[in-house]
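J.: Dropping in entry_32.json, which is JSON, C-alpha atoms and all ligand atoms:
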```json
[["chain", "number", "residue", "atom", "x", "y", "z"],
["A", 1, "MET", "CA", 13.30, -73.43, -40.09],
["A", 2, "ARG", "CA", 16.22, -71.78, -41.76],
["A", 3, "ILE", "CA", 16.55, -68.78, -44.07],
["A", 4, "VAL", "CA", 19.44, -67.09, -45.85],
["A", 5, "GLN", "CA", 19.18, -63.35, -46.47],
["A", 6, "LYS", "CA", 21.66, -61.34, -48.51],
["A", 7, "PHE", "CA", 22.17, -57.60, -48.48],
["A", 8, "GLY", "CA", 23.82, -55.90, -51.47],
["A", 9, "GLY", "CA", 26.19, -52.94, -51.47],
["A", 10, "THR", "CA", 23.62, -50.14, -51.58],
["A", 11, "SER", "CA", 21.62, -51.82, -48.83],
["A", 12, "LEU", "CA", 24.70, -51.48, -46.59],
["A", 13, "ALA", "CA", 25.94, -48.09, -47.76],
["A", 14, "ASP", "CA", 25.95, -46.39, -44.34],
["A", 15, "ALA", "CA", 25.53, -47.11, -40.64],
["A", 16, "GLU", "CA", 21.76, -46.47, -40.67],
["A", 17, "LYS", "CA", 21.24, -48.94, -43.51],
["A", 18, "ILE", "CA", 23.38, -51.56, -41.78],
["A", 19, "ARG", "CA", 21.29, -51.20, -38.63],
["A", 20, "ALA", "CA", 18.06, -51.42, -40.63],
["A", 21, "ALA", "CA", 19.32, -54.65, -42.23],
["A", 22, "ALA", "CA", 20.40, -55.98, -38.84],
["A", 23, "LYS", "CA", 16.85, -55.44, -37.55],
["A", 24, "LYS", "CA", 15.42, -57.59, -40.35],
["A", 25, "SER", "CA", 17.64, -60.51, -39.31],
["A", 26, "ILE", "CA", 16.85, -60.08, -35.62],
["A", 27, "ALA", "CA", 13.08, -59.95, -36.21],
["A", 28, "LEU", "CA", 13.19, -63.31, -38.01],
["A", 29, "ALA", "CA", 15.43, -64.87, -35.37],
["A", 30, "LYS", "CA", 12.96, -63.76, -32.70],
["A", 31, "GLU", "CA", 10.22, -65.63, -34.60],
["A", 32, "GLY", "CA", 12.28, -68.81, -34.23],
["A", 33, "TRP", "CA", 14.06, -68.84, -37.59],
["A", 34, "GLN", "CA", 17.70, -69.78, -37.93],
["A", 35, "VAL", "CA", 19.10, -66.84, -39.87],
["A", 36, "VAL", "CA", 22.19, -66.68, -42.05],
["A", 37, "THR", "CA", 22.90, -63.16, -43.30],
["A", 38, "VAL", "CA", 25.25, -62.80, -46.27],
["A", 39, "VAL", "CA", 26.75, -59.40, -46.92],
["A", 40, "SER", "CA", 28.39, -57.66, -49.88],
["A", 41, "ALA", "CA", 30.96, -54.91, -49.73],
["A", 42, "MET", "CA", 29.55, -51.59, -48.58],
["A", 43, "GLY", "CA", 28.43, -49.13, -51.26],
["A", 44, "SER", "CA", 30.99, -48.82, -54.05],
["A", 45, "SER", "CA", 33.93, -50.09, -52.01],
["A", 46, "THR", "CA", 34.91, -52.86, -54.44],
["A", 47, "ASP", "CA", 35.19, -50.33, -57.30],
["A", 48, "ASP", "CA", 37.12, -47.92, -55.06],
["A", 49, "MET", "CA", 39.52, -50.68, -54.03],
["A", 50, "LEU", "CA", 40.14, -51.67, -57.64],
["A", 51, "GLU", "CA", 41.03, -48.05, -58.47],
["A", 52, "ARG", "CA", 43.35, -47.82, -55.49],
["A", 53, "ALA", "CA", 45.16, -51.05, -56.36],
["A", 54, "LYS", "CA", 46.02, -49.67, -59.80],
["A", 55, "LYS", "CA", 48.08, -46.96, -58.13],
["A", 56, "VAL", "CA", 50.22, -49.46, -56.25],
["A", 57, "CYS", "CA", 50.75, -52.08, -58.90],
["A", 58, "ARG", "CA", 50.27, -52.17, -62.67],
["A", 59, "GLU", "CA", 49.61, -55.90, -62.90],
["A", 60, "PRO", "CA", 48.67, -57.33, -59.52],
["A", 61, "SER", "CA", 48.54, -61.10, -59.24],
["A", 62, "LEU", "CA", 45.05, -62.54, -59.22],
["A", 63, "ARG", "CA", 45.82, -64.34, -55.97],
["A", 64, "GLU", "CA", 46.66, -61.11, -54.17],
["A", 65, "MET", "CA", 43.71, -59.28, -55.73],
["A", 66, "ASP", "CA", 41.35, -61.92, -54.37],
["A", 67, "ALA", "CA", 42.76, -61.67, -50.86],
["A", 68, "TYR", "CA", 42.52, -57.87, -51.12],
["A", 69, "LEU", "CA", 38.97, -57.61, -52.49],
["A", 70, "ALA", "CA", 37.58, -60.27, -50.13],
["A", 71, "ALA", "CA", 38.52, -58.01, -47.23],
["A", 72, "ALA", "CA", 35.68, -55.59, -48.13],
["A", 73, "GLU", "CA", 33.01, -58.23, -47.55],
["A", 74, "GLN", "CA", 34.79, -59.31, -44.38],
["A", 75, "MET", "CA", 34.57, -55.76, -43.07],
["A", 76, "SER", "CA", 30.85, -55.62, -43.87],
["A", 77, "ALA", "CA", 30.34, -58.90, -42.03],
["A", 78, "THR", "CA", 32.01, -57.66, -38.87],
["A", 79, "TRP", "CA", 30.00, -54.44, -38.95],
["A", 80, "MET", "CA", 26.77, -56.35, -39.43],
["A", 81, "ALA", "CA", 27.54, -58.74, -36.57],
["A", 82, "MET", "CA", 28.45, -55.80, -34.32],
["A", 83, "ALA", "CA", 25.21, -53.99, -35.26],
["A", 84, "ILE", "CA", 23.13, -57.11, -34.49],
["A", 85, "GLU", "CA", 24.84, -57.56, -31.12],
["A", 86, "ASP", "CA", 24.41, -53.87, -30.35],
["A", 87, "LEU", "CA", 20.68, -54.30, -30.98],
["A", 88, "GLY", "CA", 20.62, -57.07, -28.40],
["A", 89, "HIS", "CA", 20.84, -60.33, -30.35],
["A", 90, "PRO", "CA", 23.79, -62.75, -30.45],
["A", 91, "ALA", "CA", 25.63, -62.84, -33.77],
["A", 92, "ILE", "CA", 28.93, -63.94, -35.24],
["A", 93, "SER", "CA", 30.71, -62.95, -38.44],
["A", 94, "LEU", "CA", 32.52, -65.54, -40.54],
["A", 95, "THR", "CA", 34.74, -65.16, -43.59],
["A", 96, "GLY", "CA", 33.98, -67.43, -46.53],
["A", 97, "TYR", "CA", 36.88, -69.61, -45.43],
["A", 98, "GLN", "CA", 35.60, -69.89, -41.85],
["A", 99, "ALA", "CA", 32.13, -70.71, -43.17],
["A", 100, "GLY", "CA", 33.68, -73.60, -45.15],
["A", 101, "ILE", "CA", 32.95, -72.30, -48.64],
["A", 102, "LEU", "CA", 35.14, -74.43, -50.85],
["A", 103, "THR", "CA", 35.77, -73.27, -54.43],
["A", 104, "ASP", "CA", 37.91, -74.27, -57.38],
["A", 105, "SER", "CA", 41.20, -72.42, -57.98],
["A", 106, "ILE", "CA", 40.08, -69.92, -60.63],
["A", 107, "HIS", "CA", 41.05, -66.63, -59.00],
["A", 108, "GLY", "CA", 38.66, -63.79, -59.79],
["A", 109, "ASN", "CA", 35.93, -66.10, -61.04],
["A", 110, "ALA", "CA", 35.91, -69.13, -58.76],
["A", 111, "ARG", "CA", 33.05, -71.59, -58.61],
["A", 112, "ILE", "CA", 31.66, -72.86, -55.34],
["A", 113, "GLN", "CA", 32.16, -76.62, -54.98],
["A", 114, "GLY", "CA", 30.66, -77.30, -51.57],
["A", 115, "LEU", "CA", 30.83, -76.68, -47.84],
["A", 116, "ASN", "CA", 33.79, -78.27, -46.13],
["A", 117, "ASN", "CA", 32.82, -77.77, -42.50],
["A", 118, "ASP", "CA", 29.75, -77.40, -40.26],
["A", 119, "ARG", "CA", 30.71, -74.15, -38.57],
["A", 120, "VAL", "CA", 27.65, -72.22, -39.78],
["A", 121, "GLN", "CA", 25.32, -74.92, -38.51],
["A", 122, "ARG", "CA", 27.09, -75.06, -35.15],
["A", 123, "GLU", "CA", 26.79, -71.31, -34.67],
["A", 124, "LEU", "CA", 23.12, -71.36, -35.71],
["A", 125, "ASP", "CA", 22.50, -74.07, -33.14],
["A", 126, "LYS", "CA", 23.88, -71.72, -30.47],
["A", 127, "GLY", "CA", 21.10, -69.27, -31.36],
["A", 128, "LYS", "CA", 23.29, -66.78, -33.20],
["A", 129, "VAL", "CA", 22.57, -64.91, -36.38],
["A", 130, "VAL", "CA", 25.45, -66.04, -38.57],
["A", 131, "VAL", "CA", 26.81, -63.30, -40.80],
["A", 132, "VAL", "CA", 28.87, -64.61, -43.72],
["A", 133, "ALA", "CA", 31.11, -62.49, -45.92],
["A", 134, "GLY", "CA", 29.85, -62.93, -49.48],
["A", 135, "PHE", "CA", 31.79, -63.20, -52.75],
["A", 136, "GLN", "CA", 34.57, -65.44, -51.45],
["A", 137, "GLY", "CA", 35.77, -68.90, -50.62],
["A", 138, "ILE", "CA", 38.89, -70.97, -50.23],
["A", 139, "SER", "CA", 40.60, -73.02, -52.93],
["A", 140, "PRO", "CA", 41.89, -76.58, -52.42],
["A", 141, "GLU", "CA", 45.37, -75.00, -52.20],
["A", 142, "GLY", "CA", 44.24, -72.87, -49.27],
["A", 143, "ASN", "CA", 44.08, -69.54, -51.11],
["A", 144, "ILE", "CA", 41.27, -67.01, -50.81],
["A", 145, "THR", "CA", 39.25, -66.86, -54.02],
["A", 146, "THR", "CA", 36.50, -64.53, -55.22],
["A", 147, "LEU", "CA", 33.44, -65.52, -57.21],
["A", 148, "GLY", "CA", 33.28, -62.79, -59.88],
["A", 149, "ARG", "CA", 31.53, -59.43, -59.73],
["A", 150, "GLY", "CA", 28.14, -59.69, -58.07],
["A", 151, "GLY", "CA", 29.13, -63.03, -56.57],
["A", 152, "SER", "CA", 27.65, -62.48, -53.11],
["A", 153, "ASP", "CA", 24.30, -63.58, -54.52],
["A", 154, "THR", "CA", 25.90, -66.94, -55.27],
["A", 155, "THR", "CA", 27.29, -67.23, -51.75],
["A", 156, "ALA", "CA", 23.76, -66.73, -50.44],
["A", 157, "VAL", "CA", 22.03, -69.23, -52.72],
["A", 158, "ALA", "CA", 24.81, -71.79, -52.20],
["A", 159, "LEU", "CA", 24.50, -71.54, -48.43],
["A", 160, "ALA", "CA", 20.71, -71.82, -48.71],
["A", 161, "ALA", "CA", 21.19, -74.99, -50.79],
["A", 162, "PHE", "CA", 23.81, -76.61, -48.58],
["A", 163, "LEU", "CA", 22.00, -75.75, -45.34],
["A", 164, "GLY", "CA", 18.56, -76.77, -46.60],
["A", 165, "ALA", "CA", 17.07, -73.28, -46.11],
["A", 166, "ARG", "CA", 13.40, -72.71, -47.01],
["A", 167, "LEU", "CA", 14.14, -69.52, -48.91],
["A", 168, "CYS", "CA", 16.97, -67.29, -50.04],
["A", 169, "ARG", "CA", 16.09, -63.60, -49.78],
["A", 170, "ILE", "CA", 18.13, -61.17, -51.85],
["A", 171, "TYR", "CA", 17.65, -57.62, -50.60],
["A", 172, "THR", "CA", 18.69, -55.03, -53.16],
["A", 173, "ASP", "CA", 18.01, -51.49, -54.39],
["A", 174, "VAL", "CA", 15.09, -52.34, -56.70],
["A", 175, "ASP", "CA", 11.79, -53.89, -55.61],
["A", 176, "GLY", "CA", 12.01, -57.03, -57.69],
["A", 177, "VAL", "CA", 12.93, -58.50, -61.04],
["A", 178, "TYR", "CA", 11.56, -56.65, -64.08],
["A", 179, "ASP", "CA", 11.39, -57.66, -67.73],
["A", 180, "LYS", "CA", 14.21, -55.14, -68.32],
["A", 181, "ASP", "CA", 16.34, -52.84, -66.19],
["A", 182, "PRO", "CA", 13.83, -50.57, -64.38],
["A", 183, "ARG", "CA", 16.51, -47.91, -63.90],
["A", 184, "LYS", "CA", 17.02, -47.55, -67.63],
["A", 185, "TYR", "CA", 13.46, -48.22, -68.84],
["A", 186, "PRO", "CA", 10.58, -46.52, -67.01],
["A", 187, "ASP", "CA", 8.10, -48.82, -68.77],
["A", 188, "ALA", "CA", 9.73, -51.98, -67.36],
["A", 189, "VAL", "CA", 7.20, -54.45, -65.95],
["A", 190, "LYS", "CA", 7.73, -56.25, -62.64],
["A", 191, "LEU", "CA", 7.59, -60.06, -62.70],
["A", 192, "PRO", "CA", 6.04, -61.35, -59.45],
["A", 193, "VAL", "CA", 7.13, -64.94, -60.23],
["A", 194, "LEU", "CA", 9.51, -66.26, -62.85],
["A", 195, "GLY", "CA", 11.32, -69.53, -63.53],
["A", 196, "TYR", "CA", 15.05, -70.10, -63.26],
["A", 197, "ASP", "CA", 15.54, -70.34, -67.02],
["A", 198, "ARG", "CA", 14.00, -66.96, -67.75],
["A", 199, "MET", "CA", 16.05, -65.40, -64.95],
["A", 200, "LEU", "CA", 19.18, -67.15, -66.17],
["A", 201, "ILE", "CA", 18.82, -65.70, -69.66],
["A", 202, "MET", "CA", 18.43, -62.20, -68.22],
["A", 203, "ALA", "CA", 21.36, -62.66, -65.82],
["A", 204, "ARG", "CA", 23.63, -63.95, -68.60],
["A", 205, "GLU", "CA", 22.62, -61.01, -70.77],
["A", 206, "GLY", "CA", 23.84, -58.69, -68.02],
["A", 207, "ALA", "CA", 20.87, -58.01, -65.71],
["A", 208, "GLN", "CA", 22.85, -57.40, -62.55],
["A", 209, "VAL", "CA", 19.98, -58.05, -60.20],
["A", 210, "LEU", "CA", 21.09, -61.69, -59.70],
["A", 211, "HIS", "CA", 24.52, -63.19, -60.38],
["A", 212, "ASP", "CA", 24.04, -65.83, -63.08],
["A", 213, "ARG", "CA", 25.67, -68.56, -61.02],
["A", 214, "SER", "CA", 23.27, -67.91, -58.15],
["A", 215, "VAL", "CA", 20.41, -68.71, -60.51],
["A", 216, "GLU", "CA", 22.18, -71.88, -61.72],
["A", 217, "MET", "CA", 22.65, -72.93, -58.12],
["A", 218, "GLY", "CA", 19.02, -72.16, -57.27],
["A", 219, "LYS", "CA", 17.85, -74.29, -60.18],
["A", 220, "LEU", "CA", 20.16, -77.19, -59.34],
["A", 221, "TYR", "CA", 19.10, -77.36, -55.69],
["A", 222, "ASP", "CA", 15.51, -76.08, -56.03],
["A", 223, "VAL", "CA", 16.09, -73.05, -53.79],
["A", 224, "PRO", "CA", 13.33, -70.44, -54.09],
["A", 225, "ILE", "CA", 14.93, -66.99, -54.44],
["A", 226, "GLN", "CA", 13.03, -63.86, -53.40],
["A", 227, "VAL", "CA", 14.36, -60.57, -54.77],
["A", 228, "LEU", "CA", 13.08, -57.55, -52.87],
["A", 229, "SER", "CA", 13.86, -54.00, -51.85],
["A", 230, "ALA", "CA", 15.88, -53.38, -48.70],
["A", 231, "PHE", "CA", 14.12, -50.02, -48.34],
["A", 232, "ARG", "CA", 10.51, -50.42, -49.42],
["A", 233, "PRO", "CA", 7.94, -52.96, -48.22],
["A", 234, "GLY", "CA", 6.53, -55.49, -50.67],
["A", 235, "PRO", "CA", 7.08, -59.10, -51.67],
["A", 236, "GLY", "CA", 9.24, -58.34, -54.73],
["A", 237, "SER", "CA", 9.73, -61.27, -57.10],
["A", 238, "PHE", "CA", 10.13, -64.99, -56.61],
["A", 239, "VAL", "CA", 12.45, -66.99, -58.82],
["A", 240, "THR", "CA", 11.30, -70.61, -58.64],
["A", 241, "ASP", "CA", 10.04, -73.46, -60.81],
["A", 242, "ARG", "CA", 7.54, -74.60, -58.20],
["A", 243, "GLN", "CA", 3.91, -74.31, -59.22],
["A", 244, "LEU", "CA", 2.80, -73.63, -55.69],
["A", 245, "LEU", "CA", 5.28, -71.85, -53.52],
["A", 246, "GLN", "CA", 4.25, -71.65, -49.92],
["A", 247, "VAL", "CA", 5.93, -68.66, -48.34],
["A", 248, "ASP", "CA", 5.62, -69.07, -44.61],
["A", 249, "CYS", "CA", 8.43, -66.74, -43.71],
["A", 250, "PRO", "CA", 7.35, -63.35, -42.34],
["A", 251, "GLN", "CA", 8.77, -60.17, -43.81],
["A", 252, "PHE", "CA", 9.86, -57.20, -41.74],
["A", 301, "LIG", "P1", 23.24, -55.24, -55.20],
["A", 301, "LIG", "O1", 24.29, -54.22, -54.88],
["A", 301, "LIG", "O2", 22.09, -55.23, -54.25],
["A", 301, "LIG", "O3", 23.81, -56.60, -55.46],
["A", 301, "LIG", "P2", 23.06, -54.81, -58.07],
["A", 301, "LIG", "O4", 23.47, -53.44, -58.51],
["A", 301, "LIG", "O5", 24.05, -55.89, -58.27],
["A", 301, "LIG", "O6", 22.58, -54.73, -56.56],
["A", 301, "LIG", "O7", 21.70, -55.24, -58.80],
["A", 301, "LIG", "C1", 20.58, -54.41, -58.75],
["A", 301, "LIG", "C2", 20.48, -53.61, -60.03],
["A", 301, "LIG", "O8", 20.20, -54.48, -61.12],
["A", 301, "LIG", "C3", 19.34, -52.62, -60.06],
["A", 301, "LIG", "O9", 19.71, -51.39, -59.49],
["A", 301, "LIG", "C4", 19.00, -52.52, -61.54],
["A", 301, "LIG", "O10", 19.46, -51.32, -62.12],
["A", 301, "LIG", "C5", 19.75, -53.67, -62.19],
["A", 301, "LIG", "N1", 18.92, -54.47, -63.09],
["A", 301, "LIG", "C6", 19.30, -54.82, -64.35],
["A", 301, "LIG", "N2", 18.36, -55.54, -64.96],
["A", 301, "LIG", "C7", 17.35, -55.69, -64.07],
["A", 301, "LIG", "C8", 16.08, -56.36, -64.11],
["A", 301, "LIG", "N3", 15.68, -57.04, -65.21],
["A", 301, "LIG", "N4", 15.27, -56.29, -63.01],
["A", 301, "LIG", "C9", 15.68, -55.63, -61.90],
["A", 301, "LIG", "N5", 16.86, -54.98, -61.82],
["A", 301, "LIG", "C10", 17.70, -55.00, -62.87],
["A", 302, "LIG", "N1", 31.58, -56.74, -53.82],
["A", 302, "LIG", "C1", 31.50, -57.59, -54.99],
["A", 302, "LIG", "C2", 31.20, -56.74, -56.21],
["A", 302, "LIG", "O1", 31.10, -55.54, -56.10],
["A", 302, "LIG", "C3", 30.51, -58.72, -54.83],
["A", 302, "LIG", "C4", 29.06, -58.34, -54.69],
["A", 302, "LIG", "O2", 28.74, -57.16, -54.47],
["A", 302, "LIG", "O3", 28.22, -59.23, -54.78],
["A", 302, "LIG", "O4", 31.10, -57.27, -57.27],
["A", 303, "MG", "MG", 24.65, -57.53, -57.09]]
```
As structure tokens, what does this structure read like?

T.:
Amino acid sequence: MRIVQKFGGTSLADAEKIRAAAKKSIALAKEGWQVVTVVSAMGSSTDDMLERAKKVCREPSLREMDAYLAAAEQMSATWMAMAIEDLGHPAISLTGYQAGILTDSIHGNARIQGLNNDRVQRELDKGKVVVVAGFQGISPEGNITTLGRGGSDTTAVALAAFLGARLCRIYTDVDGVYDKDPRKYPDAVKLPVLGYDRMLIMAREGAQVLHDRSVEMGKLYDVPIQVLSAFRPGPGSFVTDRQLLQVDCPQF
């Protein structure tokens, strides 16, 4: 059985949080699951990098910006793999390119087209937790591309689809999907289960909790998506169109 788990920026904001996330991947691997862990940039590093770039160059090329911003996720991936190994389990970090994530050529907002190699599967078969840098891929011309803000969610759901994972778990800083932003509206109501179309409308209207293209991908490939807190226990919310979703994957 295979699972893809993704950790967002706040879930990786410091060393303690990275280690806590690493433990969640190890616990599943010890239960016999093949685990792919997708990571975002740590904390607010993408915003910080954008600010810094403005000081060097007034109008950077989109190609260079993609190569630059993708580095933040790559750093997270190496840290996560090192944390997992330090906790005693084999792991390997891969960039989007190494993982075979093929996109179109639209820099800054690229769409995932497919997987062009079997590296992730080969590393899983060696018993490793495979940590993939989110938000990025490679264009047919061989350039690094990024998937648009929040795009690591799409990396995770795409990998779950292409690898035939049972579930894609999105760990974030809220404990599920609500009918409106729970940070802005204290009366927001949590939705334990919702369909792709409802989630897609919310995502397109700006609910950051899931990148809209991750929801499109989930719908297209029938990937159940679980959105849950990286810090608090609880099942969170499931985004799926299945009437009966059997969740046989333990939560740690
Ligand atoms: P991550 O860094 O984990 O990717 P994001 O900041 O991208 O996290 O998404 C989580 C945020 O989405 C929450 O902190 C919350 O404020 C916001 N959000 C907006 N709309 C919703 C909603 N309907 N349900 C849950 N969270 C929402
Ligand atoms: N680091 C990117 C961003 O801040 C991608 C992501 O977090 O999903 O938008
Ligand atoms: Mg996000």

J.: Can you build me a table of region 144-203 of chain A residues sitting at most 12 Å from region 222-227 of chain A, with the closest atom pair per residue and its distance in Å to one decimal, using only C-alpha atoms, sorted by chain and residue number, as a Markdown table?

T.:
```
| residue | atom | partner | partner_atom | distance |
| --- | --- | --- | --- | --- |
| A:Asp153 | CA | A:Ile225 | CA | 10.0 |
| A:Thr154 | CA | A:Ile225 | CA | 11.0 |
| A:Ala156 | CA | A:Ile225 | CA | 9.7 |
| A:Val157 | CA | A:Val223 | CA | 7.1 |
| A:Ala158 | CA | A:Val223 | CA | 9.0 |
| A:Leu159 | CA | A:Val223 | CA | 10.1 |
| A:Ala160 | CA | A:Val223 | CA | 7.0 |
| A:Ala161 | CA | A:Val223 | CA | 6.2 |
| A:Phe162 | CA | A:Val223 | CA | 10.0 |
| A:Leu163 | CA | A:Val223 | CA | 10.7 |
| A:Gly164 | CA | A:Val223 | CA | 8.5 |
| A:Ala165 | CA | A:Val223 | CA | 7.7 |
| A:Arg166 | CA | A:Val223 | CA | 7.3 |
| A:Leu167 | CA | A:Pro224 | CA | 5.3 |
| A:Cys168 | CA | A:Ile225 | CA | 4.9 |
| A:Arg169 | CA | A:Gln226 | CA | 4.7 |
| A:Ile170 | CA | A:Val227 | CA | 4.8 |
| A:Tyr171 | CA | A:Val227 | CA | 6.1 |
| A:Thr172 | CA | A:Val227 | CA | 7.2 |
| A:Asp173 | CA | A:Val227 | CA | 9.8 |
| A:Val174 | CA | A:Val227 | CA | 8.5 |
| A:Asp175 | CA | A:Val227 | CA | 7.2 |
| A:Gly176 | CA | A:Val227 | CA | 5.2 |
| A:Val177 | CA | A:Val227 | CA | 6.8 |
| A:Tyr178 | CA | A:Val227 | CA | 10.5 |
| A:Lys190 | CA | A:Val227 | CA | 11.2 |
| A:Leu191 | CA | A:Val227 | CA | 10.4 |
| A:Pro192 | CA | A:Val227 | CA | 9.6 |
| A:Val193 | CA | A:Gln226 | CA | 9.1 |
| A:Leu194 | CA | A:Ile225 | CA | 10.0 |
| A:Gly195 | CA | A:Pro224 | CA | 9.7 |
| A:Tyr196 | CA | A:Pro224 | CA | 9.3 |
| A:Met199 | CA | A:Ile225 | CA | 10.7 |
```

J.: Show me a table, sorted first by chain and then by increasing residue number, of the residues of chain A having an atom at most 10 Å from ligand MG 303 (chain A), each with its shortest atom pair and the distance in Å to one decimal, counting all atoms listed in the file and written as CSV.

T.:
```
residue,atom,partner,partner_atom,distance
A:Lys6,CA,A:MG303,MG,9.9
A:Phe7,CA,A:MG303,MG,9.0
A:Gly8,CA,A:MG303,MG,5.9
A:Gly9,CA,A:MG303,MG,7.4
A:Thr10,CA,A:MG303,MG,9.3
A:Ser40,CA,A:MG303,MG,8.1
A:Arg149,CA,A:MG303,MG,7.6
A:Gly150,CA,A:MG303,MG,4.2
A:Gly151,CA,A:MG303,MG,7.1
A:Ser152,CA,A:MG303,MG,7.0
A:Asp153,CA,A:MG303,MG,6.6
A:Thr154,CA,A:MG303,MG,9.7
A:Ile170,CA,A:MG303,MG,9.1
A:Tyr171,CA,A:MG303,MG,9.5
A:Thr172,CA,A:MG303,MG,7.6
A:Asp173,CA,A:MG303,MG,9.4
A:Ala207,CA,A:MG303,MG,9.4
A:Gln208,CA,A:MG303,MG,5.8
A:Val209,CA,A:MG303,MG,5.6
A:Leu210,CA,A:MG303,MG,6.1
A:His211,CA,A:MG303,MG,6.5
```

J.: Have a look at A:Leu94, A:Ala13, A:Ala110, A:Cys249 and name the one nearest to ligand LIG 301 (chain A); count only C-alpha atoms and all ligand atoms.

T.: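 Distance minimum relative to ligand LIG 301 (chain A) lands on A:Ala13.
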
J.: Counting only C-alpha atoms and all ligand atoms, which residue out of A:Pro90, A:Gly134, A:Gly127, A:Gly96 sits closest to ligand LIG 302 (chain A)?

T.: A:Gly134

J.: In Å, with one decimal, what is the gap from CA of Ile18 (chain A) to CA of Val215 (chain A)?

T.: 25.6 Å

J.: Using the file's own x, y and z axes, what box holds all listed atoms of ligand LIG 301 (chain A) with 3 Å on each side, keeping edges along x, y and z, and what are its centre and edge lengths in Å to one decimal, as AutoDock Vina command-line options?

T.:
```
--center_x 19.8 --center_y -54.2 --center_z -59.7 --size_x 15.0 --size_y 11.7 --size_z 17.0
```
